[in-house]
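Engineer: My structure file query-v1.txt, compact mmCIF, C-alpha atoms, is below:
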# COMPACT_ATOMS: atom_id res chain seq x y z
CA MET H 1 1.71 79.01 124.99
CA ILE H 2 0.54 82.45 123.93
CA PHE H 3 -2.84 81.63 125.47
CA ILE H 4 -1.19 80.93 128.83
CA ASP H 5 0.88 84.12 128.67
CA ASN H 6 -2.18 86.19 127.80
CA PHE H 7 -4.19 84.57 130.59
CA ILE H 8 -1.45 85.24 133.14
CA ASP H 9 -1.19 88.81 131.84
CA ARG H 10 -4.92 89.25 132.56
CA ILE H 11 -4.37 87.82 136.04
CA GLY H 12 -1.66 90.45 136.53
CA LYS H 13 -3.99 93.23 135.44
CA PHE H 14 -6.68 91.92 137.82
CA THR H 15 -4.09 91.86 140.59
CA SER H 16 -3.27 95.51 139.94
CA TYR H 17 -6.89 96.36 140.79
CA LEU H 18 -6.50 94.42 144.03
CA VAL H 19 -3.50 96.65 144.84
CA LEU H 20 -5.68 99.73 144.33
CA ILE H 21 -8.43 98.30 146.54
CA LEU H 22 -5.87 97.40 149.20
CA ALA H 23 -4.41 100.91 149.16
CA ILE H 24 -7.86 102.44 149.59
CA LEU H 25 -8.66 100.08 152.47
CA VAL H 26 -5.37 100.82 154.23
CA VAL H 27 -5.92 104.58 153.94
CA TYR H 28 -9.49 104.25 155.22
CA ASP H 29 -8.43 101.97 158.07
CA SER H 30 -5.54 104.26 159.07
CA LEU H 31 -7.70 107.38 159.04
CA ASN H 32 -10.41 105.59 161.00
CA ARG H 33 -7.93 104.32 163.57
CA TYR H 34 -5.84 107.46 164.12
CA LEU H 35 -8.39 110.21 163.60
CA PHE H 36 -11.48 108.58 165.09
CA SER H 37 -9.95 105.92 167.38
CA GLY H 38 -11.95 103.29 165.55
CA GLY H 39 -10.95 99.92 164.32
CA ASN H 40 -12.36 96.89 162.60
CA VAL H 41 -10.81 93.44 162.91
CA ALA H 42 -12.54 92.15 159.79
CA LEU H 43 -11.21 95.08 157.75
CA GLN H 44 -7.67 94.48 158.98
CA GLU H 45 -7.94 90.79 158.12
CA LEU H 46 -9.33 91.70 154.70
CA GLU H 47 -6.22 93.82 154.13
CA TRP H 48 -4.01 90.83 154.94
CA HIS H 49 -6.08 88.59 152.69
CA LEU H 50 -5.83 91.04 149.80
CA PHE H 51 -2.07 91.25 150.33
CA ASP H 52 -1.86 87.45 150.24
CA MET H 53 -3.89 87.33 147.04
CA ILE H 54 -1.71 90.01 145.43
CA PHE H 55 1.47 88.13 146.33
CA LEU H 56 0.21 84.70 145.28
CA LEU H 57 -1.35 85.84 142.01
CA GLY H 58 1.63 88.07 141.29
CA LEU H 59 4.08 85.15 141.31
CA SER H 60 3.05 83.89 137.88
CA TYR H 61 2.76 87.41 136.51
CA ALA H 62 6.32 88.24 137.61
CA LEU H 63 7.60 85.10 135.88
CA ASN H 64 5.56 85.87 132.76
CA SER H 65 6.85 89.43 132.48
CA ASP H 66 10.42 88.39 133.47
CA ASP H 67 10.35 90.78 136.44
CA HIS H 68 11.27 88.21 139.06
CA VAL H 69 14.36 88.35 141.26
CA ARG H 70 17.51 86.92 139.78
CA VAL H 71 21.23 87.45 140.22
CA ASP H 72 21.98 89.63 137.22
CA ILE H 73 25.72 89.99 137.79
CA PHE H 74 26.44 87.14 135.38
CA TYR H 75 23.08 86.65 133.71
CA SER H 76 23.03 90.06 132.04
CA ARG H 77 26.24 89.23 130.16
CA TYR H 78 25.02 85.90 128.80
CA THR H 79 23.92 85.39 125.23
CA ASN H 80 20.21 84.78 124.63
CA LYS H 81 20.87 81.06 124.13
CA THR H 82 22.82 80.79 127.39
CA LYS H 83 20.07 82.72 129.19
CA ALA H 84 17.54 80.24 127.81
CA ILE H 85 19.62 77.31 129.08
CA VAL H 86 19.93 78.86 132.55
CA ASN H 87 16.19 79.59 132.58
CA LEU H 88 15.35 76.06 131.44
CA ILE H 89 17.52 74.45 134.12
CA SER H 90 16.15 76.69 136.89
CA LEU H 91 12.55 76.14 135.81
CA ILE H 92 12.86 72.36 135.60
CA PHE H 93 15.02 71.72 138.65
CA LEU H 94 14.04 74.52 141.02
CA ILE H 95 10.66 76.08 140.33
CA LEU H 96 8.61 73.07 139.16
CA PRO H 97 9.67 70.79 142.05
CA PHE H 98 8.94 73.60 144.52
CA VAL H 99 5.54 74.18 142.92
CA ALA H 100 4.78 70.45 143.09
CA ILE H 101 5.66 70.32 146.79
CA ILE H 102 3.51 73.36 147.60
CA LEU H 103 0.55 72.03 145.60
CA TYR H 104 0.81 68.62 147.25
CA THR H 105 1.11 69.91 150.81
CA SER H 106 -1.38 72.76 150.50
CA SER H 107 -4.21 70.64 149.12
CA ASN H 108 -4.70 68.76 152.40
CA PHE H 109 -4.18 72.00 154.36
CA ILE H 110 -6.99 73.68 152.43
CA TYR H 111 -9.26 70.63 152.54
CA LEU H 112 -8.98 70.34 156.33
CA SER H 113 -9.70 74.05 156.71
CA PHE H 114 -12.83 73.61 154.59
CA LEU H 115 -14.01 70.56 156.54
CA GLN H 116 -13.53 72.33 159.86
CA GLY H 117 -15.30 75.46 158.64
CA GLU H 118 -12.28 77.39 159.86
CA ILE H 119 -12.88 81.01 160.80
CA SER H 120 -10.75 83.75 162.28
CA SER H 121 -9.77 83.26 165.91
CA ASP H 122 -10.27 86.99 166.53
CA PRO H 123 -13.72 88.24 167.57
CA GLY H 124 -15.26 90.06 164.63
CA GLY H 125 -12.82 88.45 162.19
CA LEU H 126 -13.56 86.96 158.80
CA CYS H 127 -15.12 83.59 158.18
CA CYS H 128 -14.23 81.01 155.54
CA ARG H 129 -10.45 80.86 156.06
CA TYR H 130 -10.28 78.09 153.45
CA VAL H 131 -10.98 80.65 150.71
CA ILE H 132 -7.77 82.58 151.32
CA LYS H 133 -5.90 79.33 151.90
CA GLY H 134 -7.21 78.19 148.52
CA PHE H 135 -5.28 81.02 146.94
CA ILE H 136 -2.08 79.22 147.92
CA PHE H 137 -3.10 76.42 145.57
CA ILE H 138 -4.35 78.79 142.86
CA GLY H 139 -1.25 80.98 142.98
CA PHE H 140 1.19 78.08 142.75
CA ALA H 141 -0.88 76.29 140.11
CA LEU H 142 -0.67 79.44 137.98
CA LEU H 143 3.07 79.61 138.67
CA GLY H 144 3.40 76.00 137.51
CA VAL H 145 1.45 76.65 134.32
CA GLN H 146 3.53 79.75 133.57
CA SER H 147 6.69 77.76 134.27
CA ILE H 148 5.66 75.15 131.71
CA SER H 149 4.98 77.91 129.19
CA ASN H 150 8.43 79.37 129.87
CA ILE H 151 10.04 75.93 129.55
CA VAL H 152 8.53 75.56 126.08
CA LYS H 153 9.61 79.07 125.07
CA ASN H 154 13.16 78.58 126.34
CA PHE H 155 13.40 75.19 124.65
CA HIS H 156 12.42 76.81 121.35
CA MET H 157 14.96 79.58 121.97
CA ILE H 158 17.71 77.00 122.49
CA ARG H 159 16.73 75.18 119.28
CA GLY H 160 16.70 78.47 117.40
CA ASP H 161 12.98 78.36 116.56
CA LYS H 162 11.00 81.54 116.26
I need this file expressed as structure tokens, please.
Structural biologist:
Amino acid sequence: MIFIDNFIDRIGKFTSYLVLILAILVVYDSLNRYLFSGGNVALQELEWHLFDMIFLLGLSYALNSDDHVRVDIFYSRYTNKTKAIVNLISLIFLILPFVAIILYTSSNFIYLSFLQGEISSDPGGLCCRYVIKGFIFIGFALLGVQSISNIVKNFHMIRGDK
């Protein structure tokens, strides 16, 4: 499971570079639009695509680094064993079924986009819409793999293993 955690950590570091690239593009696009009255549809779509990639790739990283949203009112007072039980239940009964549904439904969505050669409906927009749609599958597959890693870790925590 250490391999999975390290891999997801590298994905998170890669995603941080995407955030930097996105910030640079937004600044460039804003300056171009407001100072020079210029605009580029493809650049704006690229910004949205980068944002999507950051969000989808960041899901597994947030779970790996335990930085995801949770109601900490009660959780923070639990013992480590109780936290592991809560984590195990939520991973098995909430996250993994949700991941399975997204993977199942998105695969056909992506495949049809690929077959149709889907492109942006805006003039001057980006081509190959299936690429960004493919990140739905990639992001949730990584979330599923990280969830399985966390299930194993929490199971070992409950058993008292190191």
Engineer: Just the number, please: distance in Å from CA of Ser16 (chain H) to CA of Ala62 (chain H), one decimal.
Structural biologist: 12.3 Å
Engineer: So, with only C-alpha atoms as the atoms that count, which of H:Val69, H:Leu59, H:Ile132, H:Met1 lies closest to Val152 (chain H)?
Structural biologist: H:Met1
Engineer: List the neighbours of Tyr130 (chain H) out to 9 Å using all atoms listed in the file; skip same-chain residues closer than 2 positions along the sequence, and give me the result as a ChimeraX atom specification.
Structural biologist: /H:109-115,117-119,127-128,132-135
Engineer: Check which residues of region 21-103 of chain H sit at most 10 Å from region 4-8 of chain H using all atoms listed in the file, and return one row each with the closest pair of atoms and their distance in Å to one decimal, ordered by chain and rising number, as a tab-separated table.
Structural biologist:
residue	atom	partner	partner_atom	distance
H:Leu57	CA	H:Ile8	CA	8.9
H:Gly58	CA	H:Ile8	CA	9.2
H:Leu59	CA	H:Ile8	CA	9.9
H:Ser60	CA	H:Ile8	CA	6.7
H:Tyr61	CA	H:Ile8	CA	5.8
H:Ala62	CA	H:Ile8	CA	9.5
H:Leu63	CA	H:Ile8	CA	9.5
H:Asn64	CA	H:Asp5	CA	6.5
H:Ser65	CA	H:Asp5	CA	8.9
Engineer: Env of Val86 (chain H): 10 Å cut, atoms = all atoms listed in the file, seq-sep filter 6 positions within chain, self excluded. Answer as a list in words.
Structural biologist: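 Listed by chain and then number, they are Tyr75, Tyr78, Asn80 and Asn154 of chain H.
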Engineer: Pick the closest to Ala23 (chain H) from H:Asp52, H:Asp122, H:Glu47, H:Asp9: which is it, counting all atoms listed in the file?
Structural biologist: H:Glu47
Engineer: If I take CA of Gly125 (chain H) and CA of Ser106 (chain H), how far is one from the other in Å, to one decimal?
Structural biologist: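 Computing the Euclidean distance for CA of Gly125 (chain H) and CA of Ser106 (chain H) yields 22.7 Å.
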Engineer: Save region 53-137 of chain H of the structure in the block above to a file, with C-alpha atoms included, as an mmCIF file, in the first residue's frame.
Structural biologist:
data_model
loop_
_atom_site.group_PDB
_atom_site.id
_atom_site.type_symbol
_atom_site.label_atom_id
_atom_site.label_comp_id
_atom_site.auth_asym_id
_atom_site.auth_seq_id
_atom_site.Cartn_x
_atom_site.Cartn_y
_atom_site.Cartn_z
ATOM 1 C CA MET H 53 -7.872 18.015 -14.145
ATOM 2 C CA ILE H 54 -6.757 19.646 -10.888
ATOM 3 C CA PHE H 55 -10.041 18.789 -9.196
ATOM 4 C CA LEU H 56 -10.237 15.218 -10.484
ATOM 5 C CA LEU H 57 -6.598 14.365 -9.794
ATOM 6 C CA GLY H 58 -6.751 16.146 -6.446
ATOM 7 C CA LEU H 59 -9.519 13.876 -5.129
ATOM 8 C CA SER H 60 -7.201 10.939 -4.484
ATOM 9 C CA TYR H 61 -4.450 13.206 -3.176
ATOM 10 C CA ALA H 62 -6.820 14.788 -0.642
ATOM 11 C CA LEU H 63 -7.844 11.331 0.576
ATOM 12 C CA ASN H 64 -4.218 10.196 0.718
ATOM 13 C CA SER H 65 -3.085 13.190 2.758
ATOM 14 C CA ASP H 66 -6.264 13.130 4.914
ATOM 15 C CA ASP H 67 -7.114 16.690 3.872
ATOM 16 C CA HIS H 68 -10.617 15.940 2.655
ATOM 17 C CA VAL H 69 -13.791 17.457 4.077
ATOM 18 C CA ARG H 70 -15.248 15.751 7.097
ATOM 19 C CA VAL H 71 -17.400 16.754 10.044
ATOM 20 C CA ASP H 72 -14.765 17.120 12.734
ATOM 21 C CA ILE H 73 -17.097 18.040 15.591
ATOM 22 C CA PHE H 74 -17.205 14.432 16.772
ATOM 23 C CA TYR H 75 -14.402 12.858 14.770
ATOM 24 C CA SER H 76 -11.638 14.898 16.397
ATOM 25 C CA ARG H 77 -12.571 13.490 19.815
ATOM 26 C CA TYR H 78 -12.527 9.847 18.749
ATOM 27 C CA THR H 79 -9.720 7.470 19.595
ATOM 28 C CA ASN H 80 -7.505 6.317 16.721
ATOM 29 C CA LYS H 81 -9.283 2.952 16.652
ATOM 30 C CA THR H 82 -12.725 4.582 16.483
ATOM 31 C CA LYS H 83 -11.482 6.919 13.737
ATOM 32 C CA ALA H 84 -10.282 3.875 11.802
ATOM 33 C CA ILE H 85 -13.698 2.211 12.159
ATOM 34 C CA VAL H 86 -15.497 5.357 10.961
ATOM 35 C CA ASN H 87 -13.060 5.671 8.056
ATOM 36 C CA LEU H 88 -13.471 2.007 7.132
ATOM 37 C CA ILE H 89 -17.271 2.209 7.135
ATOM 38 C CA SER H 90 -17.315 5.428 5.091
ATOM 39 C CA LEU H 91 -14.811 4.094 2.568
ATOM 40 C CA ILE H 92 -16.617 0.789 2.053
ATOM 41 C CA PHE H 93 -20.212 2.015 2.083
ATOM 42 C CA LEU H 94 -19.947 5.543 0.698
ATOM 43 C CA ILE H 95 -16.830 6.214 -1.351
ATOM 44 C CA LEU H 96 -16.295 2.871 -3.124
ATOM 45 C CA PRO H 97 -19.932 2.520 -4.297
ATOM 46 C CA PHE H 98 -19.871 6.134 -5.525
ATOM 47 C CA VAL H 99 -16.586 5.506 -7.342
ATOM 48 C CA ALA H 100 -18.019 2.350 -8.931
ATOM 49 C CA ILE H 101 -21.091 4.236 -10.172
ATOM 50 C CA ILE H 102 -18.990 7.052 -11.645
ATOM 51 C CA LEU H 103 -16.586 4.630 -13.339
ATOM 52 C CA TYR H 104 -19.457 2.607 -14.785
ATOM 53 C CA THR H 105 -21.433 5.574 -16.093
ATOM 54 C CA SER H 106 -18.476 7.622 -17.309
ATOM 55 C CA SER H 107 -16.939 4.859 -19.410
ATOM 56 C CA ASN H 108 -19.768 4.916 -21.958
ATOM 57 C CA PHE H 109 -19.874 8.730 -21.803
ATOM 58 C CA ILE H 110 -16.179 8.922 -22.704
ATOM 59 C CA TYR H 111 -16.408 6.190 -25.335
ATOM 60 C CA LEU H 112 -19.270 7.923 -27.151
ATOM 61 C CA SER H 113 -17.382 11.217 -27.069
ATOM 62 C CA PHE H 114 -14.376 9.479 -28.631
ATOM 63 C CA LEU H 115 -16.463 7.784 -31.334
ATOM 64 C CA GLN H 116 -18.154 11.056 -32.259
ATOM 65 C CA GLY H 117 -14.863 12.934 -32.343
ATOM 66 C CA GLU H 118 -16.484 15.469 -30.046
ATOM 67 C CA ILE H 119 -15.083 18.980 -30.181
ATOM 68 C CA SER H 120 -16.006 22.273 -28.566
ATOM 69 C CA SER H 121 -19.247 23.814 -29.769
ATOM 70 C CA ASP H 122 -17.633 27.267 -29.631
ATOM 71 C CA PRO H 123 -15.804 28.571 -32.706
ATOM 72 C CA GLY H 124 -12.084 28.465 -32.012
ATOM 73 C CA GLY H 125 -12.566 26.046 -29.119
ATOM 74 C CA LEU H 126 -10.547 22.955 -28.307
ATOM 75 C CA CYS H 127 -10.827 19.628 -30.052
ATOM 76 C CA CYS H 128 -10.757 16.143 -28.546
ATOM 77 C CA ARG H 129 -13.318 16.610 -25.750
ATOM 78 C CA TYR H 130 -12.946 12.920 -24.898
ATOM 79 C CA VAL H 131 -9.486 13.621 -23.449
ATOM 80 C CA ILE H 132 -10.809 15.850 -20.679
ATOM 81 C CA LYS H 133 -13.786 13.544 -20.207
ATOM 82 C CA GLY H 134 -11.294 10.715 -19.787
ATOM 83 C CA PHE H 135 -9.982 12.472 -16.709
ATOM 84 C CA ILE H 136 -13.300 11.719 -15.025
ATOM 85 C CA PHE H 137 -12.452 8.035 -15.289
#
